[in-house]
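Enquirer: What follows is start.pdb, made up of PDB, C-alpha atoms:
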```
ATOM      1  CA  MET K  31     -46.184  57.638  59.288
ATOM      2  CA  GLN K  32     -43.866  58.838  56.537
ATOM      3  CA  TYR K  33     -43.715  62.463  55.361
ATOM      4  CA  TYR K  34     -42.443  62.958  51.830
ATOM      5  CA  GLY K  35     -42.795  65.333  48.891
ATOM      6  CA  GLU K  36     -42.009  65.407  45.187
ATOM      7  CA  ILE K  37     -38.990  66.783  43.344
ATOM      8  CA  GLN K  38     -37.831  66.539  39.731
ATOM      9  CA  LEU K  39     -34.323  65.798  38.483
ATOM     10  CA  GLY K  40     -33.111  66.260  34.910
ATOM     11  CA  THR K  41     -34.355  67.742  31.628
ATOM     12  CA  PRO K  42     -37.130  66.832  31.079
ATOM     13  CA  GLY K  43     -37.816  66.352  34.783
ATOM     14  CA  GLN K  44     -37.948  62.859  36.288
ATOM     15  CA  THR K  45     -40.181  62.833  39.375
ATOM     16  CA  PHE K  46     -39.204  61.329  42.742
ATOM     17  CA  SER K  47     -40.743  61.349  46.196
ATOM     18  CA  VAL K  48     -38.237  62.199  48.924
ATOM     19  CA  ILE K  49     -38.119  62.558  52.680
ATOM     20  CA  PHE K  50     -37.025  66.082  53.626
ATOM     21  CA  ASP K  51     -34.515  65.095  56.301
ATOM     22  CA  THR K  52     -32.823  67.565  58.663
ATOM     23  CA  GLY K  53     -30.834  64.624  60.081
ATOM     24  CA  SER K  54     -28.677  64.056  56.967
ATOM     25  CA  ALA K  55     -27.099  66.284  54.331
ATOM     26  CA  ASN K  56     -27.158  64.422  51.001
ATOM     27  CA  LEU K  57     -29.745  64.222  48.239
ATOM     28  CA  TRP K  58     -29.994  60.785  46.638
ATOM     29  CA  VAL K  59     -32.464  58.818  44.523
ATOM     30  CA  PRO K  60     -32.370  55.273  43.081
ATOM     31  CA  SER K  61     -30.526  54.818  39.787
ATOM     32  CA  THR K  62     -31.370  52.722  36.734
ATOM     33  CA  ARG K  63     -27.879  51.282  37.343
ATOM     34  CA  CYS K  64     -29.126  49.737  40.612
ATOM     35  CA  SER K  65     -30.181  46.093  40.770
ATOM     36  CA  SER K  66     -31.270  45.969  44.435
ATOM     37  CA  ILE K  67     -34.883  45.025  45.121
ATOM     38  CA  ALA K  68     -35.416  48.395  46.834
ATOM     39  CA  CYS K  69     -34.519  50.166  43.579
ATOM     40  CA  TRP K  70     -36.833  48.014  41.454
ATOM     41  CA  LEU K  71     -39.731  48.892  43.766
ATOM     42  CA  HIS K  72     -39.222  52.624  43.275
ATOM     43  CA  ARG K  73     -38.778  55.219  40.544
ATOM     44  CA  ARG K  74     -35.206  55.321  39.229
ATOM     45  CA  TYR K  75     -33.151  58.142  37.753
ATOM     46  CA  ASP K  76     -32.067  57.523  34.168
ATOM     47  CA  ALA K  77     -29.059  59.716  33.298
ATOM     48  CA  GLY K  78     -29.385  58.802  29.630
ATOM     49  CA  LYS K  79     -32.810  60.457  29.418
ATOM     50  CA  SER K  80     -31.643  63.841  30.747
ATOM     51  CA  SER K  81     -30.039  66.430  28.459
ATOM     52  CA  SER K  82     -28.709  68.363  31.488
ATOM     53  CA  HIS K  83     -27.000  65.398  33.207
ATOM     54  CA  VAL K  84     -23.298  65.887  34.009
ATOM     55  CA  GLU K  85     -21.243  62.819  34.862
ATOM     56  CA  ASN K  86     -19.172  63.002  38.057
ATOM     57  CA  GLY K  87     -18.557  59.379  38.947
ATOM     58  CA  THR K  88     -17.284  59.859  42.505
ATOM     59  CA  GLU K  89     -18.393  56.863  44.573
ATOM     60  CA  PHE K  90     -20.210  57.346  47.869
ATOM     61  CA  ALA K  91     -21.638  55.308  50.735
ATOM     62  CA  ILE K  92     -24.107  56.531  53.360
ATOM     63  CA  GLN K  93     -24.969  54.778  56.619
ATOM     64  CA  TYR K  94     -28.319  55.687  58.195
ATOM     65  CA  GLY K  95     -29.693  54.530  61.526
ATOM     66  CA  THR K  96     -31.943  52.086  59.690
ATOM     67  CA  GLY K  97     -30.049  51.153  56.530
ATOM     68  CA  SER K  98     -27.130  51.871  54.229
ATOM     69  CA  LEU K  99     -26.608  52.461  50.531
ATOM     70  CA  GLU K 100     -23.883  52.962  47.929
ATOM     71  CA  GLY K 101     -23.737  54.755  44.612
ATOM     72  CA  VAL K 102     -22.149  57.457  42.467
ATOM     73  CA  ILE K 103     -22.385  61.236  42.449
ATOM     74  CA  SER K 104     -23.975  62.984  39.441
ATOM     75  CA  GLN K 105     -25.048  66.535  38.650
ATOM     76  CA  ASP K 106     -28.310  67.663  37.084
ATOM     77  CA  THR K 107     -31.035  70.273  37.280
ATOM     78  CA  LEU K 108     -33.150  69.951  40.437
ATOM     79  CA  SER K 109     -36.698  71.350  40.543
ATOM     80  CA  LEU K 110     -38.997  71.569  43.532
ATOM     81  CA  GLY K 111     -42.069  73.738  43.754
ATOM     82  CA  ASP K 112     -41.230  76.808  41.660
ATOM     83  CA  LEU K 113     -37.475  76.587  42.338
ATOM     84  CA  GLU K 114     -35.006  75.388  39.732
ATOM     85  CA  ILE K 115     -31.395  74.615  40.724
ATOM     86  CA  PRO K 116     -29.049  73.865  37.806
ATOM     87  CA  GLY K 117     -25.985  71.684  38.351
ATOM     88  CA  GLN K 118     -27.095  70.210  41.682
ATOM     89  CA  GLY K 119     -24.894  67.385  42.930
ATOM     90  CA  PHE K 120     -26.774  64.302  44.131
ATOM     91  CA  GLY K 121     -26.305  60.600  44.672
ATOM     92  CA  GLU K 122     -27.509  57.918  42.282
ATOM     93  CA  SER K 123     -27.850  54.866  44.514
ATOM     94  CA  THR K 124     -26.626  51.664  42.888
ATOM     95  CA  LYS K 125     -26.953  49.393  45.944
ATOM     96  CA  GLU K 126     -29.670  49.533  48.614
ATOM     97  CA  PRO K 127     -29.325  46.431  50.781
ATOM     98  CA  GLY K 128     -31.884  45.308  53.333
ATOM     99  CA  LEU K 129     -35.584  45.996  53.661
ATOM    100  CA  THR K 130     -35.596  49.553  55.015
ATOM    101  CA  PHE K 131     -35.660  51.358  51.683
ATOM    102  CA  ALA K 132     -37.642  48.588  49.955
ATOM    103  CA  VAL K 133     -40.709  49.080  52.170
ATOM    104  CA  GLY K 134     -40.533  52.887  52.283
ATOM    105  CA  LYS K 135     -43.133  54.833  50.316
ATOM    106  CA  PHE K 136     -40.419  57.328  49.382
ATOM    107  CA  ASP K 137     -37.875  56.953  46.576
ATOM    108  CA  GLY K 138     -34.987  58.872  48.117
ATOM    109  CA  ILE K 139     -33.767  61.300  50.763
ATOM    110  CA  PHE K 140     -33.397  65.081  50.534
ATOM    111  CA  GLY K 141     -30.802  65.982  53.202
ATOM    112  CA  LEU K 142     -31.209  69.332  54.959
ATOM    113  CA  ALA K 143     -28.514  69.154  57.656
ATOM    114  CA  TYR K 144     -25.294  71.185  57.746
ATOM    115  CA  ALA K 145     -22.975  70.816  54.749
ATOM    116  CA  ASN K 146     -20.040  69.619  56.845
ATOM    117  CA  ILE K 147     -21.679  66.204  57.345
ATOM    118  CA  ALA K 148     -22.436  65.772  53.636
ATOM    119  CA  VAL K 149     -20.797  62.622  52.279
ATOM    120  CA  GLN K 150     -18.105  63.445  49.683
ATOM    121  CA  ARG K 151     -18.655  67.134  50.514
ATOM    122  CA  VAL K 152     -21.455  67.399  47.958
ATOM    123  CA  VAL K 153     -23.122  70.809  48.353
ATOM    124  CA  PRO K 154     -26.625  70.153  49.819
ATOM    125  CA  PRO K 155     -29.585  71.491  47.786
ATOM    126  CA  PHE K 156     -30.597  74.027  50.461
ATOM    127  CA  TYR K 157     -27.085  75.523  50.365
ATOM    128  CA  SER K 158     -27.331  75.684  46.557
ATOM    129  CA  MET K 159     -30.605  77.612  46.851
ATOM    130  CA  VAL K 160     -28.961  80.106  49.211
ATOM    131  CA  GLN K 161     -25.737  80.449  47.197
ATOM    132  CA  GLN K 162     -27.645  80.973  43.932
ATOM    133  CA  GLY K 163     -29.783  83.723  45.493
ATOM    134  CA  LEU K 164     -33.044  81.820  44.973
ATOM    135  CA  LEU K 165     -34.464  82.489  48.465
ATOM    136  CA  ASP K 166     -35.632  85.658  50.237
ATOM    137  CA  GLN K 167     -34.123  84.407  53.502
ATOM    138  CA  PRO K 168     -31.636  81.573  54.230
ATOM    139  CA  LEU K 169     -34.108  79.489  56.222
ATOM    140  CA  PHE K 170     -36.950  76.991  55.873
ATOM    141  CA  GLY K 171     -40.047  76.229  57.918
ATOM    142  CA  VAL K 172     -41.576  72.811  58.547
ATOM    143  CA  TRP K 173     -45.148  71.921  59.498
ATOM    144  CA  MET K 174     -46.174  68.309  59.958
ATOM    145  CA  GLY K 175     -49.872  67.569  59.799
ATOM    146  CA  ARG K 176     -51.812  64.601  61.083
ATOM    147  CA  ALA K 177     -52.679  62.938  57.790
ATOM    148  CA  ALA K 178     -53.381  59.685  59.648
ATOM    149  CA  ASP K 179     -56.330  61.466  61.280
ATOM    150  CA  GLY K 180     -57.694  62.572  57.913
ATOM    151  CA  GLY K 181     -55.854  65.895  57.878
ATOM    152  CA  GLU K 182     -53.220  67.321  55.562
ATOM    153  CA  GLY K 183     -49.796  65.715  55.236
ATOM    154  CA  GLY K 184     -47.437  68.581  55.898
ATOM    155  CA  GLU K 185     -45.510  71.462  54.358
ATOM    156  CA  ILE K 186     -41.950  72.692  53.955
ATOM    157  CA  VAL K 187     -41.381  76.283  52.815
ATOM    158  CA  PHE K 188     -37.930  77.362  51.617
ATOM    159  CA  GLY K 189     -36.942  81.004  52.101
ATOM    160  CA  ALA K 190     -39.879  81.954  54.318
ATOM    161  CA  ILE K 191     -42.138  80.758  57.120
ATOM    162  CA  ASN K 192     -45.867  80.155  56.903
ATOM    163  CA  HIS K 193     -47.625  82.044  59.693
ATOM    164  CA  ASP K 194     -50.856  80.159  58.960
ATOM    165  CA  HIS K 195     -49.328  77.026  60.477
ATOM    166  CA  PHE K 196     -48.355  78.335  63.908
ATOM    167  CA  THR K 197     -49.616  80.600  66.640
ATOM    168  CA  GLY K 198     -47.922  82.744  69.267
ATOM    169  CA  PRO K 199     -44.271  83.757  69.475
ATOM    170  CA  VAL K 200     -41.317  81.843  68.024
ATOM    171  CA  THR K 201     -38.794  80.607  70.595
ATOM    172  CA  TRP K 202     -35.254  80.551  69.203
ATOM    173  CA  ALA K 203     -32.514  78.148  70.299
ATOM    174  CA  PRO K 204     -28.957  78.544  68.959
ATOM    175  CA  VAL K 205     -27.379  75.622  67.121
ATOM    176  CA  ILE K 206     -24.588  74.335  69.384
ATOM    177  CA  ARG K 207     -22.852  72.070  66.874
ATOM    178  CA  LYS K 208     -23.118  72.591  63.126
ATOM    179  CA  ALA K 209     -23.720  69.052  61.936
ATOM    180  CA  TYR K 210     -27.324  68.170  62.720
ATOM    181  CA  TRP K 211     -29.680  70.984  63.722
ATOM    182  CA  GLU K 212     -28.573  70.412  67.307
ATOM    183  CA  VAL K 213     -29.674  72.622  70.195
ATOM    184  CA  ALA K 214     -29.153  72.585  73.966
ATOM    185  CA  MET K 215     -31.792  70.566  75.837
ATOM    186  CA  GLU K 216     -32.162  72.537  79.042
ATOM    187  CA  SER K 217     -34.535  70.200  80.859
ATOM    188  CA  VAL K 218     -36.544  66.976  80.620
ATOM    189  CA  THR K 219     -39.503  66.425  82.919
ATOM    190  CA  LEU K 220     -42.031  63.596  83.054
ATOM    191  CA  GLY K 221     -45.194  64.130  85.065
ATOM    192  CA  GLY K 222     -43.622  67.251  86.575
ATOM    193  CA  LYS K 223     -40.546  65.392  87.835
ATOM    194  CA  THR K 224     -37.136  66.413  86.486
ATOM    195  CA  LEU K 225     -35.223  63.561  84.880
ATOM    196  CA  ASN K 226     -31.497  64.035  85.475
ATOM    197  CA  PHE K 227     -30.325  62.495  82.237
ATOM    198  CA  LYS K 228     -26.787  62.651  80.831
ATOM    199  CA  SER K 229     -28.107  63.942  77.493
ATOM    200  CA  LYS K 230     -27.951  67.731  77.301
ATOM    201  CA  SER K 231     -28.585  68.302  73.594
ATOM    202  CA  ALA K 232     -31.134  67.404  70.941
ATOM    203  CA  ALA K 233     -30.997  67.053  67.152
ATOM    204  CA  ILE K 234     -34.270  68.257  65.634
ATOM    205  CA  ASP K 235     -34.828  65.617  62.949
ATOM    206  CA  THR K 236     -37.635  65.731  60.369
ATOM    207  CA  GLY K 237     -36.481  62.369  58.980
ATOM    208  CA  THR K 238     -37.111  60.397  62.190
ATOM    209  CA  SER K 239     -40.566  59.255  63.281
ATOM    210  CA  LEU K 240     -39.955  58.912  67.016
ATOM    211  CA  PHE K 241     -37.641  60.026  69.815
ATOM    212  CA  GLY K 242     -34.304  58.262  69.403
ATOM    213  CA  ILE K 243     -32.633  58.577  72.808
ATOM    214  CA  PRO K 244     -29.917  56.754  74.793
ATOM    215  CA  VAL K 245     -30.987  53.207  75.709
ATOM    216  CA  GLU K 246     -30.775  53.787  79.461
ATOM    217  CA  GLU K 247     -32.923  56.920  79.207
ATOM    218  CA  ALA K 248     -35.447  55.238  76.883
ATOM    219  CA  ASP K 249     -35.748  52.325  79.310
ATOM    220  CA  ALA K 250     -36.373  54.704  82.229
ATOM    221  CA  ILE K 251     -39.130  56.622  80.419
ATOM    222  CA  ASN K 252     -40.758  53.463  79.038
ATOM    223  CA  LYS K 253     -40.782  51.919  82.494
ATOM    224  CA  ALA K 254     -42.413  55.062  83.896
ATOM    225  CA  ILE K 255     -45.207  54.964  81.264
ATOM    226  CA  GLY K 256     -45.802  51.224  81.697
ATOM    227  CA  GLY K 257     -44.241  50.161  78.400
ATOM    228  CA  LYS K 258     -43.589  46.452  77.821
ATOM    229  CA  LYS K 259     -41.021  45.341  75.236
ATOM    230  CA  ASN K 260     -42.309  43.165  72.382
ATOM    231  CA  TRP K 261     -40.469  40.726  70.112
ATOM    232  CA  ALA K 262     -39.470  43.556  67.752
ATOM    233  CA  GLY K 263     -37.868  45.595  70.525
ATOM    234  CA  GLN K 264     -40.676  48.171  70.575
ATOM    235  CA  TYR K 265     -42.313  49.224  73.823
ATOM    236  CA  ILE K 266     -46.063  48.585  73.873
ATOM    237  CA  VAL K 267     -48.322  50.690  76.082
ATOM    238  CA  ASP K 268     -51.854  49.832  77.236
ATOM    239  CA  CYS K 269     -54.089  51.917  74.933
ATOM    240  CA  ASN K 270     -56.629  52.427  77.717
ATOM    241  CA  LYS K 271     -54.009  54.204  79.823
ATOM    242  CA  VAL K 272     -52.843  56.672  77.169
ATOM    243  CA  PRO K 273     -55.217  59.496  78.324
ATOM    244  CA  THR K 274     -53.765  59.321  81.855
ATOM    245  CA  LEU K 275     -50.072  59.048  80.945
ATOM    246  CA  PRO K 276     -47.764  61.734  82.401
ATOM    247  CA  GLU K 277     -46.887  64.790  80.327
ATOM    248  CA  LEU K 278     -43.361  65.035  78.918
ATOM    249  CA  SER K 279     -41.742  68.473  78.773
ATOM    250  CA  LEU K 280     -38.519  69.436  77.014
ATOM    251  CA  GLY K 281     -36.707  72.737  77.518
ATOM    252  CA  PHE K 282     -35.374  74.594  74.457
ATOM    253  CA  GLY K 283     -34.421  78.274  74.198
ATOM    254  CA  GLY K 284     -35.775  79.120  77.650
ATOM    255  CA  ARG K 285     -39.240  77.665  77.068
ATOM    256  CA  THR K 286     -40.688  74.259  77.912
ATOM    257  CA  PHE K 287     -42.544  72.312  75.219
ATOM    258  CA  THR K 288     -45.050  69.790  76.514
ATOM    259  CA  LEU K 289     -46.411  66.592  74.972
ATOM    260  CA  LYS K 290     -49.359  64.592  76.300
ATOM    261  CA  GLY K 291     -49.445  60.805  76.243
ATOM    262  CA  ALA K 292     -51.531  60.868  73.049
ATOM    263  CA  ASP K 293     -48.709  62.877  71.400
ATOM    264  CA  TYR K 294     -45.804  60.570  72.288
ATOM    265  CA  VAL K 295     -47.627  57.234  71.894
ATOM    266  CA  LEU K 296     -48.428  56.029  68.364
ATOM    267  CA  GLN K 297     -51.683  54.160  67.757
ATOM    268  CA  VAL K 298     -51.001  51.621  65.030
ATOM    269  CA  GLY K 299     -53.646  49.436  63.391
ATOM    270  CA  ASN K 300     -52.748  45.772  63.025
ATOM    271  CA  SER K 301     -52.573  44.889  59.317
ATOM    272  CA  PHE K 302     -53.532  41.282  60.119
ATOM    273  CA  GLY K 303     -56.933  42.256  61.422
ATOM    274  CA  GLY K 304     -55.990  42.376  65.084
ATOM    275  CA  ASN K 305     -56.553  45.163  67.569
ATOM    276  CA  THR K 306     -54.925  48.580  67.503
ATOM    277  CA  GLN K 307     -51.533  48.646  69.217
ATOM    278  CA  CYS K 308     -50.136  51.586  71.131
ATOM    279  CA  ILE K 309     -46.384  51.945  70.623
ATOM    280  CA  SER K 310     -44.170  54.156  72.756
ATOM    281  CA  GLY K 311     -42.487  56.970  70.883
ATOM    282  CA  PHE K 312     -39.206  56.446  72.773
ATOM    283  CA  ILE K 313     -36.675  54.069  71.226
ATOM    284  CA  GLY K 314     -33.163  53.420  72.496
ATOM    285  CA  ILE K 315     -30.272  54.554  70.270
ATOM    286  CA  ASP K 316     -26.819  55.016  71.805
ATOM    287  CA  ILE K 317     -24.753  57.551  69.865
ATOM    288  CA  PRO K 318     -21.161  57.367  71.123
ATOM    289  CA  PRO K 319     -19.114  60.458  72.062
ATOM    290  CA  PRO K 320     -18.191  62.971  70.806
ATOM    291  CA  ALA K 321     -21.516  63.221  68.916
ATOM    292  CA  GLY K 322     -23.501  61.675  71.784
ATOM    293  CA  PRO K 323     -25.162  61.263  74.154
ATOM    294  CA  LEU K 324     -27.917  62.947  72.199
ATOM    295  CA  TRP K 325     -31.689  62.995  71.823
ATOM    296  CA  ILE K 326     -32.992  62.703  68.243
ATOM    297  CA  VAL K 327     -36.287  64.580  68.294
ATOM    298  CA  GLY K 328     -38.544  63.339  65.507
ATOM    299  CA  ASP K 329     -42.065  63.623  64.179
ATOM    300  CA  VAL K 330     -43.883  62.793  67.427
ATOM    301  CA  PHE K 331     -42.639  66.175  68.670
ATOM    302  CA  LEU K 332     -42.750  67.988  65.313
ATOM    303  CA  ARG K 333     -46.454  67.307  64.793
ATOM    304  CA  LYS K 334     -47.122  69.520  67.822
ATOM    305  CA  PHE K 335     -44.611  72.297  67.102
ATOM    306  CA  TYR K 336     -43.793  74.264  63.966
ATOM    307  CA  THR K 337     -40.027  74.446  63.456
ATOM    308  CA  ILE K 338     -37.825  76.928  61.590
ATOM    309  CA  TYR K 339     -34.283  76.105  60.502
ATOM    310  CA  ASP K 340     -32.404  79.405  60.171
ATOM    311  CA  LEU K 341     -29.042  78.886  58.454
ATOM    312  CA  GLY K 342     -28.313  82.625  58.332
ATOM    313  CA  ASN K 343     -28.378  82.886  62.131
ATOM    314  CA  ASN K 344     -27.559  79.245  63.018
ATOM    315  CA  ARG K 345     -30.646  78.743  65.164
ATOM    316  CA  VAL K 346     -33.822  76.657  65.363
ATOM    317  CA  GLY K 347     -37.207  78.247  65.993
ATOM    318  CA  PHE K 348     -40.106  76.540  67.783
ATOM    319  CA  ALA K 349     -43.754  77.618  67.882
ATOM    320  CA  ASP K 350     -47.123  76.006  68.608
ATOM    321  CA  ALA K 351     -48.392  74.383  65.415
ATOM    322  CA  VAL K 352     -51.957  74.876  64.200
TER     323      VAL K 352
END
```
Using structure tokens, write down the structure from this file.

Expert:
Amino acid sequence: MQYYGEIQLGTPGQTFSVIFDTGSANLWVPSTRCSSIACWLHRRYDAGKSSSHVENGTEFAIQYGTGSLEGVISQDTLSLGDLEIPGQGFGESTKEPGLTFAVGKFDGIFGLAYANIAVQRVVPPFYSMVQQGLLDQPLFGVWMGRAADGGEGGEIVFGAINHDHFTGPVTWAPVIRKAYWEVAMESVTLGGKTLNFKSKSAAIDTGTSLFGIPVEEADAINKAIGGKKNWAGQYIVDCNKVPTLPELSLGFGGRTFTLKGADYVLQVGNSFGGNTQCISGFIGIDIPPPAGPLWIVGDVFLRKFYTIYDLGNNRVGFADAV
């Protein structure tokens, strides 16, 4: 499942759908100067049609876990919801190799991580909102719905939190390294048993669908839940066993947050008319030191818990989503 929302760039506004990604710090959209297939399949920014465009020309390249792209930096007016940010720096992608961005339903990425990991030190849009005094508070709240089950998609609120989307108290965990929204992971248990993993921190990542965790740790969990690797490297779980799978609990900010098997296993319909497949939400990604070892905590967790990203106090809040 992909979560994305719409923004406008330029005057008059050109509309793009973007993933709001706490795991990266740059805003980029495809450019009319791009000839990659991925660009042709999506909406493209045309600098010549915007009266507020300011040429910058600095080249950039961004490597993601699933693909890379190149382009040039530009500046223009950014609008989202009722916010308008003049002079926002962003990337116009001119090369998007591979299939990753071609098959995505989104046009670009709206990075929400800390500014010090922004490529070419471009000021991220959320920082611009704060610096220009557009927000009541320097934070944003994220709720991810279960649109696949017929519900709403999700919501991101800048400058406030939406109490309608969570219940009970907020548990706060301090950010331990200002790059990703990375917090200490105090414990990992599966079926009540503590897993003594090397990973002691977690990046809370709205731009990742699953749990991206060290290969050795992913293999251990997938073995414990009966996952079998398929040709694509995914772990497949017997759908009939999902209701009886062990609970996974993660410790953040002095509280444990628990997922059932139905939360961490994705049920995916076969587009070729076959049966539904159940795919484990744990994939192996080794991030070398000093950044790793690290858990990347994605949407399988965020659908269950409302999260708040508080830049003013450098902390992440967790609460039970409703």

Enquirer: One decimal, in Å: what's the spacing between CA of Glu216 in chain K and CA of Val295 in chain K?

Expert: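 Those two atoms sit 22.9 Å apart.
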
Enquirer: Quick one: of K:Gly117, K:Gly328, K:Gly281, K:Gly128, who's nearest to Thr52 in chain K, counting all atoms listed in the file?

Expert: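 Answer, going by the shortest atom-to-atom distance: K:Gly328.
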
Enquirer: Which centre and edge lengths in Å to one decimal define the box along x, y and z that fits every listed atom of range 82-98 of chain K plus 8 Å per side, as JSON?

Expert:
```
{"center_x": -24.6, "center_y": 59.8, "center_z": 46.5, "size_x": 30.7, "size_y": 33.2, "size_z": 46.0}
```

Enquirer: Could you give me, as a list in words, the residues that have an atom at most 10 Å away from the point (-25.3, 47.4, 45.2) in the coordinates of the file, using all atoms listed in the file?

Expert: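 Here is the list of nearby residues: Arg63, Cys64, Ser65, Ser66, Ile67, Cys69, Leu99, Glu100, Gly101, Ser123, Thr124, Lys125, Glu126 and Pro127 of chain K.
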
Enquirer: Enter the distance from CA of Leu39 in chain K to CA of Gln167 in chain K, in Å, rounded to one decimal.

Expert: 23.9 Å

Enquirer: Which residue out of K:Gly291, K:Pro273, K:Gly283, K:Gly184 has the minimum interatomic distance to Arg345 in chain K when all atoms listed in the file are used?

Expert: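 Closest candidate: K:Gly283.
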
Enquirer: Give me the result of the PyMOL selection byres ((chain K and resi 331) around 10) on this file, residue by residue, as a PDB file with C-alpha atoms, in the coordinates of the input.

Expert:
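Below you can see result-v1.pdb, which holds the result:
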```pdb
ATOM      1  CA  MET K 174     -46.174  68.309  59.958  1.00  0.00           C
ATOM      2  CA  ILE K 234     -34.270  68.257  65.634  1.00  0.00           C
ATOM      3  CA  ASP K 235     -34.828  65.617  62.949  1.00  0.00           C
ATOM      4  CA  THR K 236     -37.635  65.731  60.369  1.00  0.00           C
ATOM      5  CA  SER K 239     -40.566  59.255  63.281  1.00  0.00           C
ATOM      6  CA  LEU K 240     -39.955  58.912  67.016  1.00  0.00           C
ATOM      7  CA  PHE K 241     -37.641  60.026  69.815  1.00  0.00           C
ATOM      8  CA  LEU K 280     -38.519  69.436  77.014  1.00  0.00           C
ATOM      9  CA  PHE K 287     -42.544  72.312  75.219  1.00  0.00           C
ATOM     10  CA  THR K 288     -45.050  69.790  76.514  1.00  0.00           C
ATOM     11  CA  LEU K 289     -46.411  66.592  74.972  1.00  0.00           C
ATOM     12  CA  ASP K 293     -48.709  62.877  71.400  1.00  0.00           C
ATOM     13  CA  TYR K 294     -45.804  60.570  72.288  1.00  0.00           C
ATOM     14  CA  GLY K 311     -42.487  56.970  70.883  1.00  0.00           C
ATOM     15  CA  VAL K 327     -36.287  64.580  68.294  1.00  0.00           C
ATOM     16  CA  GLY K 328     -38.544  63.339  65.507  1.00  0.00           C
ATOM     17  CA  ASP K 329     -42.065  63.623  64.179  1.00  0.00           C
ATOM     18  CA  VAL K 330     -43.883  62.793  67.427  1.00  0.00           C
ATOM     19  CA  LEU K 332     -42.750  67.988  65.313  1.00  0.00           C
ATOM     20  CA  ARG K 333     -46.454  67.307  64.793  1.00  0.00           C
ATOM     21  CA  LYS K 334     -47.122  69.520  67.822  1.00  0.00           C
ATOM     22  CA  PHE K 335     -44.611  72.297  67.102  1.00  0.00           C
ATOM     23  CA  TYR K 336     -43.793  74.264  63.966  1.00  0.00           C
TER      24      TYR K 336
END
```

Enquirer: When the PyMOL selection byres ((chain K and resi 43) around 12) is applied to the file above, which residues end up in the set, as a list in words?

Expert: Glu36, Ile37, Gln38, Leu39, Gly40, Thr41, Pro42, Gln44, Thr45, Phe46, Tyr75, Asp76, Ala77, Lys79, Ser80, Ser81, Ser82, His83, Asp106, Thr107, Leu108, Ser109, Leu110, Glu114 and Pro116 of chain K

Enquirer: Please tell me which residues are no farther than 8 Å from (-40.6, 72.1, 54.8) in the file, counting only C-alpha atoms, and write them as a ChimeraX atom specification.

Expert: /K:50,170-173,184-188

Enquirer: Nearest residue to Pro154 in chain K out of K:Arg74, K:Glu246, K:Val205, K:Ala55, using all atoms listed in the file?

Expert: K:Ala55

Enquirer: Which distance in Å separates CA of Phe196 in chain K and CA of Leu341 in chain K, to one decimal?

Expert: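 Rounded to one decimal, the two atoms are 20.1 Å apart.
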
Enquirer: Do you know which residues are at most 10 Å from Gln150 in chain K counting only C-alpha atoms, after dropping those on the same chain fewer than 3 positions away, and could you put them as a ChimeraX atom specification?

Expert: /K:56,88-92,103,146-147,153

Enquirer: On this file, the PyMOL selection byres ((chain K and resi 263-272) around 10) gives some set of residues; write that set as a PyMOL selection string.

Expert: chain K and resi 248-249+252-253+255-262+273-276+290-297+306-314

Enquirer: Measuring between all atoms listed in the file, which one of K:Ala321, K:Ile251, K:Pro204, K:Leu165 shows the shortest distance to Asn226 in chain K?

Expert: K:Ile251

Enquirer: Can you pull out the residues contacting Gly121 in chain K? Cut-off 7 Å, using all atoms listed in the file, and skip same-chain residues under 3 positions away; I want them as a list of chain:residue names.

Expert: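 With the cut-off at 7 Å, the set is K:Leu57, K:Trp58, K:Val59, K:Gly101, K:Val102, K:Ile103, K:Ser104.
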
Enquirer: Please produce a file of the residues just selected, as an mmCIF file, keeping the file's coordinate frame, where the atoms kept are C-alpha atoms.

Expert:
```cif
data_model
loop_
_atom_site.group_PDB
_atom_site.id
_atom_site.type_symbol
_atom_site.label_atom_id
_atom_site.label_comp_id
_atom_site.auth_asym_id
_atom_site.auth_seq_id
_atom_site.Cartn_x
_atom_site.Cartn_y
_atom_site.Cartn_z
ATOM 1 C CA LEU K 57 -29.745 64.222 48.239
ATOM 2 C CA TRP K 58 -29.994 60.785 46.638
ATOM 3 C CA VAL K 59 -32.464 58.818 44.523
ATOM 4 C CA GLY K 101 -23.737 54.755 44.612
ATOM 5 C CA VAL K 102 -22.149 57.457 42.467
ATOM 6 C CA ILE K 103 -22.385 61.236 42.449
ATOM 7 C CA SER K 104 -23.975 62.984 39.441
#
```

Enquirer: Would you mind listing what lies within 10 Å of Lys135 in chain K as a list of chain:residue names, with all atoms listed in the file counted and same-chain residues fewer than 3 positions away left out?

Expert: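 Surrounding residues, per the criterion: K:Met31, K:Gln32, K:Tyr33, K:Tyr34, K:Ser47, K:Val48, K:Ile49, K:Leu71, K:His72, K:Phe131, K:Ala132, K:Gly138.
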